[in-house]
Every structure is written in C-alpha cells, then in structure tokens.
file start17.pdb (PDB, C-alpha atoms and all ligand atoms)
MODEL        1
ATOM      1  CA  MET A   1     116.452  84.517 123.744
ATOM      2  CA  ALA A   2     118.928  82.192 122.124
ATOM      3  CA  PHE A   3     117.630  82.864 118.621
ATOM      4  CA  ASN A   4     117.857  86.619 118.723
ATOM      5  CA  TYR A   5     121.404  87.047 117.495
ATOM      6  CA  TRP A   6     120.258  88.438 114.145
ATOM      7  CA  PRO A   7     120.367  92.239 114.309
ATOM      8  CA  PHE A   8     117.255  92.826 112.160
ATOM      9  CA  ILE A   9     114.977  90.811 114.447
ATOM     10  CA  ASN A  10     113.486  92.796 117.312
ATOM     11  CA  LYS A  11     114.646  91.521 120.700
ATOM     12  CA  ASN A  12     111.860  93.239 122.519
ATOM     13  CA  LYS A  13     108.415  91.776 122.034
ATOM     14  CA  THR A  14     106.793  95.161 122.640
ATOM     15  CA  THR A  15     108.442  96.686 119.567
ATOM     16  CA  THR A  16     106.165  96.609 116.552
ATOM     17  CA  GLU A  17     106.884  95.686 112.987
ATOM     18  CA  LYS A  18     106.878  99.410 112.122
ATOM     19  CA  ASP A  19     110.238  99.719 113.933
ATOM     20  CA  THR A  20     111.936  97.552 111.320
ATOM     21  CA  GLN A  21     113.736  99.975 109.042
ATOM     22  CA  ILE A  22     113.182  99.935 105.352
ATOM     23  CA  THR A  23     116.153 101.694 103.838
ATOM     24  CA  VAL A  24     116.140 100.322 100.281
ATOM     25  CA  ILE A  25     113.049 101.333  98.347
ATOM     26  CA  PRO A  26     112.418  99.975  94.848
ATOM     27  CA  ASP A  27     111.772 102.725  92.293
ATOM     28  CA  HIS A  28     109.252 100.629  90.399
ATOM     29  CA  VAL A  29     106.908  98.020  91.895
ATOM     30  CA  ALA A  30     104.636  95.954  89.625
ATOM     31  CA  ILE A  31     101.711  93.947  91.026
ATOM     32  CA  ILE A  32      99.559  91.121  89.655
ATOM     33  CA  MET A  33      96.415  91.647  91.752
ATOM     34  CA  ASP A  34      95.107  88.082  91.838
ATOM     35  CA  GLY A  35      92.538  86.357  94.058
ATOM     36  CA  ASN A  36      89.567  88.737  94.073
ATOM     37  CA  GLY A  37      87.139  86.003  93.019
ATOM     38  CA  ARG A  38      88.590  83.507  95.520
ATOM     39  CA  TRP A  39      88.410  86.094  98.292
ATOM     40  CA  ALA A  40      84.689  86.501  97.575
ATOM     41  CA  LYS A  41      84.008  82.774  97.205
ATOM     42  CA  GLN A  42      85.599  82.101 100.587
ATOM     43  CA  ARG A  43      83.042  84.502 102.079
ATOM     44  CA  GLY A  44      80.069  83.177 100.092
ATOM     45  CA  LEU A  45      79.902  86.434  98.099
ATOM     46  CA  PRO A  46      79.580  86.934  94.328
ATOM     47  CA  ARG A  47      82.867  87.312  92.388
ATOM     48  CA  ILE A  48      82.035  90.910  91.476
ATOM     49  CA  THR A  49      82.003  91.821  95.172
ATOM     50  CA  GLY A  50      85.594  90.578  95.272
ATOM     51  CA  HIS A  51      86.468  92.836  92.325
ATOM     52  CA  LYS A  52      84.853  95.807  94.072
ATOM     53  CA  GLN A  53      86.868  95.106  97.252
ATOM     54  CA  GLY A  54      89.962  94.705  95.088
ATOM     55  CA  MET A  55      89.265  98.108  93.563
ATOM     56  CA  ASP A  56      89.087  99.748  96.988
ATOM     57  CA  ASN A  57      92.349  98.044  97.894
ATOM     58  CA  VAL A  58      94.024  99.626  94.870
ATOM     59  CA  LYS A  59      93.524 103.010  96.550
ATOM     60  CA  GLN A  60      94.900 101.699  99.874
ATOM     61  CA  ILE A  61      98.054 100.350  98.275
ATOM     62  CA  VAL A  62      98.559 103.480  96.152
ATOM     63  CA  GLU A  63      98.634 105.427  99.425
ATOM     64  CA  VAL A  64     101.087 102.991 100.997
ATOM     65  CA  ALA A  65     103.379 103.064  97.929
ATOM     66  CA  ASN A  66     103.180 106.864  97.919
ATOM     67  CA  THR A  67     104.219 107.123 101.587
ATOM     68  CA  TYR A  68     107.181 104.817 100.956
ATOM     69  CA  GLU A  69     108.117 107.118  98.052
ATOM     70  CA  VAL A  70     107.963 104.426  95.416
ATOM     71  CA  LYS A  71     108.212 106.238  92.073
ATOM     72  CA  VAL A  72     106.191 103.932  89.817
ATOM     73  CA  LEU A  73     103.447 101.438  90.715
ATOM     74  CA  THR A  74     102.277  99.293  87.779
ATOM     75  CA  LEU A  75      99.062  97.331  88.387
ATOM     76  CA  TYR A  76      97.673  94.543  86.175
ATOM     77  CA  ALA A  77      93.957  95.415  86.146
ATOM     78  CA  PHE A  78      92.719  93.671  82.988
ATOM     79  CA  SER A  79      94.593  91.336  80.653
ATOM     80  CA  THR A  80      93.991  90.555  76.991
ATOM     81  CA  GLU A  81      92.977  87.058  78.228
ATOM     82  CA  ASN A  82      90.321  88.397  80.649
ATOM     83  CA  TRP A  83      87.835  88.833  77.756
ATOM     84  CA  LYS A  84      87.265  85.032  77.994
ATOM     85  CA  ARG A  85      85.501  85.433  81.353
ATOM     86  CA  PRO A  86      81.683  85.336  81.607
ATOM     87  CA  GLU A  87      80.094  88.323  79.840
ATOM     88  CA  GLN A  88      78.494  89.777  82.947
ATOM     89  CA  GLU A  89      81.797  89.677  84.827
ATOM     90  CA  VAL A  90      83.590  91.406  81.922
ATOM     91  CA  ASN A  91      80.834  94.054  81.831
ATOM     92  CA  PHE A  92      81.257  94.662  85.548
ATOM     93  CA  LEU A  93      85.038  94.917  85.242
ATOM     94  CA  MET A  94      84.666  97.409  82.385
ATOM     95  CA  LYS A  95      82.765  99.752  84.709
ATOM     96  CA  LEU A  96      85.374  99.603  87.485
ATOM     97  CA  PRO A  97      87.697 102.290  86.060
ATOM     98  CA  GLN A  98      84.816 104.841  86.078
ATOM     99  CA  GLU A  99      83.733 103.695  89.507
ATOM    100  CA  PHE A 100      87.282 103.927  90.844
ATOM    101  CA  LEU A 101      87.897 107.348  89.320
ATOM    102  CA  SER A 102      84.546 108.836  90.382
ATOM    103  CA  VAL A 103      85.351 107.930  93.988
ATOM    104  CA  TYR A 104      89.126 108.393  94.162
ATOM    105  CA  LEU A 105      90.299 110.790  91.431
ATOM    106  CA  PRO A 106      89.913 113.934  93.600
ATOM    107  CA  ASP A 107      92.110 112.350  96.320
ATOM    108  CA  LEU A 108      94.683 111.152  93.791
ATOM    109  CA  ILE A 109      94.929 114.661  92.328
ATOM    110  CA  LYS A 110      95.507 116.087  95.839
ATOM    111  CA  GLU A 111      98.092 113.381  96.558
ATOM    112  CA  ASN A 112     100.058 114.450  93.423
ATOM    113  CA  VAL A 113      99.613 110.996  91.799
ATOM    114  CA  LYS A 114     100.088 110.824  88.026
ATOM    115  CA  ILE A 115      97.848 108.231  86.368
ATOM    116  CA  GLU A 116      99.078 106.462  83.248
ATOM    117  CA  VAL A 117      97.749 103.419  81.377
ATOM    118  CA  ILE A 118      99.299 100.748  79.162
ATOM    119  CA  GLY A 119      97.341  98.439  76.862
ATOM    120  CA  HIS A 120      94.807  98.634  74.053
ATOM    121  CA  LEU A 121      92.226 101.112  75.340
ATOM    122  CA  GLU A 122      90.365 101.334  72.016
ATOM    123  CA  ARG A 123      88.611  98.004  72.714
ATOM    124  CA  LEU A 124      87.133  99.324  75.967
ATOM    125  CA  PRO A 125      83.633 100.857  76.121
ATOM    126  CA  LYS A 126      83.622 104.537  75.094
ATOM    127  CA  SER A 127      82.490 105.658  78.573
ATOM    128  CA  THR A 128      85.411 103.791  80.154
ATOM    129  CA  GLN A 129      87.850 105.379  77.710
ATOM    130  CA  LYS A 130      86.422 108.821  78.497
ATOM    131  CA  ALA A 131      86.792 108.385  82.248
ATOM    132  CA  ILE A 132      90.375 107.175  81.840
ATOM    133  CA  ASN A 133      91.335 109.948  79.396
ATOM    134  CA  ASN A 134      89.904 112.534  81.787
ATOM    135  CA  ALA A 135      92.050 111.109  84.617
ATOM    136  CA  LEU A 136      95.165 111.136  82.413
ATOM    137  CA  GLU A 137      94.509 114.760  81.486
ATOM    138  CA  LYS A 138      93.787 115.904  85.076
ATOM    139  CA  THR A 139      96.924 114.290  86.509
ATOM    140  CA  LYS A 140      99.400 114.753  83.646
ATOM    141  CA  HIS A 141     101.335 117.531  85.414
ATOM    142  CA  ASN A 142     101.510 115.717  88.769
ATOM    143  CA  THR A 143     105.031 114.882  89.933
ATOM    144  CA  GLY A 144     104.442 112.259  92.659
ATOM    145  CA  LEU A 145     103.842 108.523  92.312
ATOM    146  CA  ILE A 146     103.160 107.306  88.758
ATOM    147  CA  LEU A 147     100.185 104.945  88.976
ATOM    148  CA  ASN A 148     100.559 102.943  85.775
ATOM    149  CA  ILE A 149      97.517 100.753  85.120
ATOM    150  CA  ALA A 150      97.657  97.857  82.667
ATOM    151  CA  MET A 151      94.231  97.748  80.979
ATOM    152  CA  ASN A 152      93.543  95.281  78.175
ATOM    153  CA  TYR A 153      97.265  94.637  78.366
ATOM    154  CA  GLY A 154      99.170  91.587  77.166
ATOM    155  CA  SER A 155     102.932  91.370  76.935
ATOM    156  CA  ARG A 156     102.907  89.321  73.720
ATOM    157  CA  LEU A 157     100.564  91.851  72.114
ATOM    158  CA  GLU A 158     102.981  94.592  73.210
ATOM    159  CA  MET A 159     105.822  92.671  71.529
ATOM    160  CA  VAL A 160     103.738  92.280  68.359
ATOM    161  CA  ASP A 161     103.251  96.070  68.384
ATOM    162  CA  VAL A 162     107.008  96.529  68.802
ATOM    163  CA  VAL A 163     107.732  94.226  65.845
ATOM    164  CA  LYS A 164     105.159  96.024  63.654
ATOM    165  CA  SER A 165     106.705  99.371  64.514
ATOM    166  CA  ILE A 166     110.196  98.122  63.623
ATOM    167  CA  ALA A 167     108.933  96.553  60.361
ATOM    168  CA  GLU A 168     107.262  99.840  59.424
ATOM    169  CA  ASP A 169     110.459 101.826  60.080
ATOM    170  CA  ILE A 170     112.392  99.364  57.898
ATOM    171  CA  ARG A 171     109.805  99.720  55.127
ATOM    172  CA  LEU A 172     110.242 103.505  55.325
ATOM    173  CA  ASN A 173     114.038 103.087  55.157
ATOM    174  CA  LYS A 174     114.404 104.701  58.609
ATOM    175  CA  LEU A 175     116.079 101.563  59.931
ATOM    176  CA  THR A 176     118.063  98.589  58.588
ATOM    177  CA  PRO A 177     117.901  95.074  60.156
ATOM    178  CA  ASP A 178     121.543  95.197  61.279
ATOM    179  CA  GLN A 179     120.796  98.354  63.287
ATOM    180  CA  ILE A 180     118.250  96.543  65.488
ATOM    181  CA  ASP A 181     119.438  96.126  69.074
ATOM    182  CA  GLU A 182     117.848  95.998  72.561
ATOM    183  CA  GLN A 183     117.418  99.761  72.532
ATOM    184  CA  THR A 184     115.383  99.551  69.315
ATOM    185  CA  ILE A 185     112.946  97.349  71.239
ATOM    186  CA  ASN A 186     113.065  99.265  74.556
ATOM    187  CA  GLN A 187     112.169 102.509  72.773
ATOM    188  CA  ARG A 188     109.006 100.950  71.349
ATOM    189  CA  LEU A 189     107.622  99.311  74.496
ATOM    190  CA  TYR A 190     104.553 100.892  76.143
ATOM    191  CA  THR A 191     106.827 101.467  79.154
ATOM    192  CA  SER A 192     109.699 103.083  77.200
ATOM    193  CA  HIS A 193     109.685 106.183  79.440
ATOM    194  CA  LEU A 194     109.641 104.206  82.734
ATOM    195  CA  PRO A 195     112.414 102.415  84.634
ATOM    196  CA  GLU A 196     112.163  98.606  84.558
ATOM    197  CA  PRO A 197     110.307  97.108  87.549
ATOM    198  CA  ASP A 198     112.616  96.401  90.517
ATOM    199  CA  LEU A 199     110.063  94.260  92.334
ATOM    200  CA  LEU A 200     107.155  92.154  91.067
ATOM    201  CA  ILE A 201     104.485  91.096  93.545
ATOM    202  CA  ARG A 202     101.827  88.488  92.768
ATOM    203  CA  THR A 203      99.062  87.792  95.263
ATOM    204  CA  SER A 204      96.897  84.711  95.809
ATOM    205  CA  GLY A 205      99.538  81.983  95.618
ATOM    206  CA  GLU A 206      99.911  81.608  91.836
ATOM    207  CA  ILE A 207     103.544  81.438  90.696
ATOM    208  CA  ARG A 208     103.427  82.558  87.069
ATOM    209  CA  LEU A 209     103.628  85.716  84.950
ATOM    210  CA  SER A 210     100.386  85.423  82.947
ATOM    211  CA  ASN A 211     101.656  87.501  80.009
ATOM    212  CA  PHE A 212     102.675  90.488  82.177
ATOM    213  CA  LEU A 213     105.696  92.644  81.203
ATOM    214  CA  LEU A 214     107.743  89.686  79.930
ATOM    215  CA  TRP A 215     110.556  91.808  78.491
ATOM    216  CA  GLN A 216     110.619  94.346  81.330
ATOM    217  CA  LEU A 217     110.838  91.727  84.119
ATOM    218  CA  ALA A 218     114.135  90.207  82.883
ATOM    219  CA  TYR A 219     116.110  91.404  85.958
ATOM    220  CA  THR A 220     113.254  91.996  88.423
ATOM    221  CA  GLU A 221     113.044  90.449  91.919
ATOM    222  CA  PHE A 222     109.839  88.401  92.355
ATOM    223  CA  TRP A 223     107.817  88.131  95.565
ATOM    224  CA  PHE A 224     104.751  85.910  95.957
ATOM    225  CA  THR A 225     102.183  85.832  98.735
ATOM    226  CA  ASP A 226      99.167  83.622  99.438
ATOM    227  CA  ALA A 227      97.138  86.672 100.497
ATOM    228  CA  TYR A 228      94.211  87.418  98.182
ATOM    229  CA  TRP A 229      94.378  90.887  96.622
ATOM    230  CA  PRO A 230      91.473  92.406  98.639
ATOM    231  CA  ALA A 231      93.310  91.321 101.820
ATOM    232  CA  PHE A 232      96.760  92.472 100.664
ATOM    233  CA  SER A 233      97.503  95.227 103.159
ATOM    234  CA  GLU A 234     100.341  97.530 104.181
ATOM    235  CA  HIS A 235     101.677  94.601 106.231
ATOM    236  CA  GLU A 236     102.177  92.401 103.133
ATOM    237  CA  PHE A 237     103.514  95.306 101.108
ATOM    238  CA  LYS A 238     106.096  95.885 103.811
ATOM    239  CA  GLN A 239     107.019  92.170 103.858
ATOM    240  CA  ALA A 240     107.676  92.429 100.119
ATOM    241  CA  LEU A 241     109.849  95.543 100.617
ATOM    242  CA  LEU A 242     111.807  93.806 103.391
ATOM    243  CA  ALA A 243     112.453  90.752 101.207
ATOM    244  CA  TYR A 244     113.532  93.031  98.369
ATOM    245  CA  GLN A 245     115.883  94.969 100.638
ATOM    246  CA  GLN A 246     117.497  91.783 101.976
ATOM    247  CA  ARG A 247     118.157  90.486  98.471
ATOM    248  CA  LYS A 248     119.688  93.830  97.467
ATOM    249  CA  ARG A 249     121.899  93.806 100.588
ATOM    250  CA  ARG A 250     123.181  90.322  99.720
ATOM    251  CA  TYR A 251     124.108  91.450  96.220
ATOM    252  CA  GLY A 252     125.888  94.394  97.812
ATOM    253  CA  GLY A 253     128.094  92.049  99.830
ATOM    254  CA  LEU A 254     129.157  90.089  96.782
ATOM    255  CA  GLU A 255     129.784  92.917  94.382
TER
HETATM  256  C1  LIG B 301      89.956  96.563  88.502
HETATM  257  C2  LIG B 301      90.236  95.934  90.901
HETATM  258  C3  LIG B 301      91.632  95.510  91.261
HETATM  259  C4  LIG B 301      91.799  94.018  91.216
HETATM  260  C5  LIG B 301      91.853  93.443  89.850
HETATM  261  C6  LIG B 301      90.567  93.270  89.079
HETATM  262  C7  LIG B 301      89.477  94.253  89.336
HETATM  263  C8  LIG B 301      91.135  99.748  89.413
HETATM  264  C9  LIG B 301      90.952  99.936  88.057
HETATM  265  C10 LIG B 301      91.268 101.135  87.281
HETATM  266  C11 LIG B 301      91.504 101.056  85.922
HETATM  267  C12 LIG B 301      91.822 102.187  85.181
HETATM  268  C13 LIG B 301      91.914 103.397  85.833
HETATM  269  C14 LIG B 301      91.676 103.507  87.185
HETATM  270  C15 LIG B 301      91.356 102.377  87.903
HETATM  271  C16 LIG B 301      90.456  98.707  87.598
HETATM  272  C17 LIG B 301      89.690  97.065  86.180
HETATM  273  C18 LIG B 301      89.589  96.185  87.223
HETATM  274  C19 LIG B 301      89.301  96.657  84.813
HETATM  275  F1  LIG B 301      92.247 104.504  85.129
HETATM  276  N1  LIG B 301      90.794  98.529  89.757
HETATM  277  N2  LIG B 301      90.369  97.862  88.669
HETATM  278  N3  LIG B 301      90.123  98.329  86.362
HETATM  279  N4  LIG B 301      89.881  95.648  89.538
ENDMDL
END
call {"tool": "encode", "arguments": {"input": "start17.pdb", "output": "structure tokens"}}
result
Amino acid sequence: MAFNYWPFINKNKTTTEKDTQITVIPDHVAIIMDGNGRWAKQRGLPRITGHKQGMDNVKQIVEVANTYEVKVLTLYAFSTENWKRPEQEVNFLMKLPQEFLSVYLPDLIKENVKIEVIGHLERLPKSTQKAINNALEKTKHNTGLILNIAMNYGSRLEMVDVVKSIAEDIRLNKLTPDQIDEQTINQRLYTSHLPEPDLLIRTSGEIRLSNFLLWQLAYTEFWFTDAYWPAFSEHEFKQALLAYQQRKRRYGGLE
C-alpha cells in the first residue's frame, strides 16, 4: 500500500483501532454534551427521550474516561441559559440528576469515582439538591476519577462571583487593588482546586463555547465532532484522545 508510510497507521487491515496506542492522556477532559434533542428528533422521538439517552451515555463515558485514567472529567449538564427552554423540558431536566444517581450512584461508588458539582445549586429544586448533596457526601473520600458536573453553571456568572469576592476582600482591607493578579482570580474560581482542562470536546457539530469555562479554557486543545451526545461512544472519545496526543507530540518536536 503506497499510502502506508506513516507509522501510526495500521498496515494490516485485520488490526483493529484498539491496537493504536494512546500514550498521552489528558489529566482533565471537559465536554459540552450537545445534540440530545437533535438525536431524538432524527428518530421521531420526543426531546426528553434524547436527554434520557444522553444521561445513560454520561455513565458510559465516565467508565471510558476512568479506564483511560483521566483524572478529571467536567461535563456541562445544565447552563444558566437553559432556563429559557420550555417549562416541561426544564422540569424533566431537573429530575435527571436524581434519576441518574438512583441508577448509577452505587456503581460510581464501587468504581472509586468522586462526584463534584460547579454552578448555582440553590436555584435547583430541593429534591434535586438533596440527591446531589447525598452523592457528594457518599463519594467525597473516593480517589479515582473526579466527575465534575456543571449544573446551573455559566462562566460569566462565575466571573461575577469572582469579582464580588475580590470586592468584598478589598472592602474588608484584606486585599488592595494593586495586589490583584491572575492567582487572585484563579483562587476564587469554582474550579480553583482542579487542573485546567487539557482537552475540550463538543459534540453535535456546534463550534462555540456557550459560556463554558471561559477563563479555564485559555490554553486548552479543542476537539469537535458531528456525533450527537447520545451517540458519542468510546470510539469518538478515542478519536479525541488521538487528536490530542498528536497535537502534544507536535509541540514536543518544536520545544
Ligand atoms: C443531564 C444528560 C446528559 C446530556 C445533557 C443534558 C441532559 C447527568 C446529570 C447529572 C447531574 C448532576 C449529578 C449527576 C448527574 C444531568 C442534567 C441533565 C440537568 F450529580 N446527565 N444530566 N443533569 N442530561
């Protein structure tokens, strides 16, 4: 085969994709899980069925990320803008955390996954908050993958919170304006204790950030796929890891 001079391409057609070695694993992968409604529409199903399938796929991808030994997986589950959706869709989405946790929390505990959340939880229904707080409590000592879920999260709101916190410290004479630097901001982000994302994945063909982790993504590699979130499988995840690894290798050659 004239084209098979590139060492990373399998010469032998019987070798599977699994033989391709992934040697560079990002510590922190962030995902915008888009396309649940479109996935359903394509099948003539209601949008909420797409969300339910998307929820089940969260568990699949958590398992994949865990086997690749990714350290942090941040998922954009509900944005501050999602409140503008039809009321019945919002109500359905608000029940998904309970639904997810009632089905999958026992597995996640066994798999040593630590659940964390970022965003304004106080605006969520009390029952949703309870289910989430219970999951945080039950997994707080786990040492495996950190599953960080963005719930009622918006990056601009996060920045507003950061600014308020800095203003308050100045008012209390704990800080002066000339002391403010990047670290002052980093320390106040919801993600202050986490490494910055190495890889951002967005599904469903949209090429924008939609108010997700604007500060934290400053140096992150981006990878986009047309696959809808419910159909985003280990195969696509691996494609994203391969693209990430190739970009890192190229840097390596130049530095
Ligand atoms: C939601 C499924 C994934 C696709 C995106 C929209 C719908 C899992 C959760 C979740 C949240 C908190 C938690 C555990 C699980 C979730 C919402 C929507 C609102 F502690 N999936 N998922 N929450 N979707």
call {"tool": "closest_residue", "arguments": {"input": "start17.pdb", "among": "A:Ile118, A:Met55, A:Phe222, A:Arg38", "to": "A:Ile207", "atoms": "all atoms listed in the file"}}
result
A:Phe222
call {"tool": "residues_near_ligand", "arguments": {"input": "start17.pdb", "ligand": "ligand LIG 301 (chain B)", "cutoff": "7 Å", "atoms": "all atoms listed in the file", "output": "number ranges by chain"}}
result
A: 33-34, 36, 51-52, 54-55, 58, 76-78, 93-94, 96-97, 100-101, 115, 117, 132, 135, 149, 151, 229
call {"tool": "closest_residue", "arguments": {"input": "start17.pdb", "among": "A:Ala231, A:Ile31, A:Val163, A:Leu105", "to": "A:Leu73", "atoms": "all atoms listed in the file"}}
result
A:Ile31
call {"tool": "atom_distance", "arguments": {"input": "start17.pdb", "atom1": "atom CA of A:Pro125", "atom2": "atom CA of A:Glu87"}}
result
13.5 Å
call {"tool": "resolve_selection", "arguments": {"input": "start17.pdb", "expression": "the PyMOL selection byres (((chain A and resi 211-215) around 12) and not hetatm)", "output": "VMD selection string"}}
result
chain A and resid 30 to 33 74 to 82 118 to 119 149 to 159 162 182 185 to 186 188 to 192 196 to 197 200 to 202 208 to 210 216 to 220
call {"tool": "resolve_selection", "arguments": {"input": "start17.pdb", "expression": "the PyMOL selection byres (((chain A and resi 142) around 7) and not hetatm)", "output": "PyMOL selection string"}}
result
chain A and resi 112-114+139-141+143-144
call {"tool": "write_last_selection", "arguments": {"input": "start17.pdb", "atoms": "C-alpha atoms", "output": "PDB file, in the coordinates of the input"}}
result
ATOM      1  CA  ASN A 112     100.058 114.450  93.423  1.00  0.00           C
ATOM      2  CA  VAL A 113      99.613 110.996  91.799  1.00  0.00           C
ATOM      3  CA  LYS A 114     100.088 110.824  88.026  1.00  0.00           C
ATOM      4  CA  THR A 139      96.924 114.290  86.509  1.00  0.00           C
ATOM      5  CA  LYS A 140      99.400 114.753  83.646  1.00  0.00           C
ATOM      6  CA  HIS A 141     101.335 117.531  85.414  1.00  0.00           C
ATOM      7  CA  THR A 143     105.031 114.882  89.933  1.00  0.00           C
ATOM      8  CA  GLY A 144     104.442 112.259  92.659  1.00  0.00           C
TER       9      GLY A 144
END
call {"tool": "residues_around", "arguments": {"input": "start17.pdb", "residues": "A:Gly35", "least_positions_apart": "5", "cutoff": "9 Å", "atoms": "only C-alpha atoms", "output": "CSV table (one decimal) with C-alpha atoms, keeping the file's coordinate frame"}}
result
chain,number,residue,atom,x,y,z
A,40,ALA,CA,84.7,86.5,97.6
A,50,GLY,CA,85.6,90.6,95.3
A,54,GLY,CA,90.0,94.7,95.1
A,203,THR,CA,99.1,87.8,95.3
A,204,SER,CA,96.9,84.7,95.8
A,205,GLY,CA,99.5,82.0,95.6
A,226,ASP,CA,99.2,83.6,99.4
A,227,ALA,CA,97.1,86.7,100.5
A,228,TYR,CA,94.2,87.4,98.2
A,229,TRP,CA,94.4,90.9,96.6
A,230,PRO,CA,91.5,92.4,98.6
call {"tool": "closest_residue", "arguments": {"input": "start17.pdb", "among": "A:Leu145, A:Ile25, A:Val62, A:Leu194", "to": "A:Tyr104", "atoms": "all atoms listed in the file"}}
result
A:Val62
call {"tool": "closest_residue", "arguments": {"input": "start17.pdb", "among": "A:Phe224, A:Asp198, A:Asp107, A:Phe232", "to": "A:Lys248", "atoms": "only C-alpha atoms"}}
result
A:Asp198
call {"tool": "residues_near_point", "arguments": {"input": "start17.pdb", "point": "(108.7, 107.0, 96.5)", "cutoff": "10 Å", "atoms": "all atoms listed in the file", "output": "list in words"}}
result
Ile25, Pro26, Asp27, His28, Val64, Ala65, Asn66, Thr67, Tyr68, Glu69, Val70, Lys71, Val72, Leu73, Gly144, Leu145 and Ile146 of chain A
call {"tool": "closest_residue", "arguments": {"input": "start17.pdb", "among": "A:Ile109, A:Ala131, A:Leu124, A:Leu242", "to": "A:Thr20", "atoms": "all atoms listed in the file"}}
result
A:Leu242
call {"tool": "atom_distance", "arguments": {"input": "start17.pdb", "atom1": "atom CA of A:Gln187", "atom2": "atom CA of A:Glu137"}}
result
23.2 Å
call {"tool": "atom_distance", "arguments": {"input": "start17.pdb", "atom1": "atom CA of A:Lys238", "atom2": "atom CA of A:Ile22"}}
result
8.3 Å
call {"tool": "decode", "arguments": {"input": "start17.pdb", "residues": "stretch 149-172 of chain A", "atoms": "N, CA and C atoms", "output": "mmCIF file, in the first residue's frame"}}
result
data_model
loop_
_atom_site.group_PDB
_atom_site.id
_atom_site.type_symbol
_atom_site.label_atom_id
_atom_site.label_comp_id
_atom_site.auth_asym_id
_atom_site.auth_seq_id
_atom_site.Cartn_x
_atom_site.Cartn_y
_atom_site.Cartn_z
ATOM 1 N N ILE A 149 -19.552 17.937 37.589
ATOM 2 C CA ILE A 149 -20.731 18.231 36.768
ATOM 3 C C ILE A 149 -21.120 19.696 36.905
ATOM 4 N N ALA A 150 -21.205 20.371 35.751
ATOM 5 C CA ALA A 150 -21.611 21.779 35.738
ATOM 6 C C ALA A 150 -23.129 21.846 35.672
ATOM 7 N N MET A 151 -23.730 22.317 36.763
ATOM 8 C CA MET A 151 -25.199 22.352 36.920
ATOM 9 C C MET A 151 -25.615 23.776 37.224
ATOM 10 N N ASN A 152 -26.497 24.333 36.402
ATOM 11 C CA ASN A 152 -26.839 25.753 36.520
ATOM 12 C C ASN A 152 -25.540 26.557 36.573
ATOM 13 N N TYR A 153 -24.677 26.230 35.627
ATOM 14 C CA TYR A 153 -23.365 26.868 35.523
ATOM 15 C C TYR A 153 -23.345 27.845 34.359
ATOM 16 N N GLY A 154 -22.688 28.978 34.571
ATOM 17 C CA GLY A 154 -22.384 29.918 33.498
ATOM 18 C C GLY A 154 -21.057 30.555 33.831
ATOM 19 N N SER A 155 -20.197 30.666 32.839
ATOM 20 C CA SER A 155 -18.844 31.163 33.085
ATOM 21 C C SER A 155 -18.854 32.640 33.464
ATOM 22 N N ARG A 156 -19.757 33.417 32.863
ATOM 23 C CA ARG A 156 -19.817 34.847 33.194
ATOM 24 C C ARG A 156 -20.324 35.032 34.620
ATOM 25 N N LEU A 157 -21.286 34.195 35.016
ATOM 26 C CA LEU A 157 -21.773 34.245 36.402
ATOM 27 C C LEU A 157 -20.634 33.903 37.367
ATOM 28 N N GLU A 158 -19.834 32.898 36.997
ATOM 29 C CA GLU A 158 -18.675 32.525 37.816
ATOM 30 C C GLU A 158 -17.723 33.725 37.957
ATOM 31 N N MET A 159 -17.509 34.447 36.845
ATOM 32 C CA MET A 159 -16.620 35.612 36.899
ATOM 33 C C MET A 159 -17.225 36.721 37.757
ATOM 34 N N VAL A 160 -18.534 36.894 37.681
ATOM 35 C CA VAL A 160 -19.208 37.876 38.546
ATOM 36 C C VAL A 160 -18.985 37.493 40.015
ATOM 37 N N ASP A 161 -19.096 36.217 40.327
ATOM 38 C CA ASP A 161 -18.846 35.752 41.702
ATOM 39 C C ASP A 161 -17.407 36.044 42.132
ATOM 40 N N VAL A 162 -16.473 35.843 41.190
ATOM 41 C CA VAL A 162 -15.061 36.113 41.486
ATOM 42 C C VAL A 162 -14.878 37.602 41.811
ATOM 43 N N VAL A 163 -15.474 38.458 40.971
ATOM 44 C CA VAL A 163 -15.329 39.908 41.170
ATOM 45 C C VAL A 163 -15.943 40.329 42.507
ATOM 46 N N LYS A 164 -17.113 39.787 42.832
ATOM 47 C CA LYS A 164 -17.757 40.108 44.122
ATOM 48 C C LYS A 164 -16.864 39.718 45.287
ATOM 49 N N SER A 165 -16.264 38.537 45.182
ATOM 50 C CA SER A 165 -15.403 38.045 46.251
ATOM 51 C C SER A 165 -14.174 38.936 46.429
ATOM 52 N N ILE A 166 -13.616 39.405 45.313
ATOM 53 C CA ILE A 166 -12.452 40.300 45.384
ATOM 54 C C ILE A 166 -12.874 41.651 45.987
ATOM 55 N N ALA A 167 -14.026 42.167 45.522
ATOM 56 C CA ALA A 167 -14.521 43.461 46.034
ATOM 57 C C ALA A 167 -14.748 43.379 47.546
ATOM 58 N N GLU A 168 -15.292 42.271 47.995
ATOM 59 C CA GLU A 168 -15.559 42.086 49.426
ATOM 60 C C GLU A 168 -14.246 42.060 50.224
ATOM 61 N N ASP A 169 -13.237 41.371 49.696
ATOM 62 C CA ASP A 169 -11.943 41.315 50.389
ATOM 63 C C ASP A 169 -11.274 42.692 50.431
ATOM 64 N N ILE A 170 -11.517 43.505 49.387
ATOM 65 C CA ILE A 170 -10.960 44.865 49.393
ATOM 66 C C ILE A 170 -11.686 45.711 50.444
ATOM 67 N N ARG A 171 -13.007 45.561 50.485
ATOM 68 C CA ARG A 171 -13.807 46.287 51.482
ATOM 69 C C ARG A 171 -13.346 45.954 52.904
ATOM 70 N N LEU A 172 -12.973 44.698 53.116
ATOM 71 C CA LEU A 172 -12.529 44.257 54.448
ATOM 72 C C LEU A 172 -11.034 44.513 54.690
#
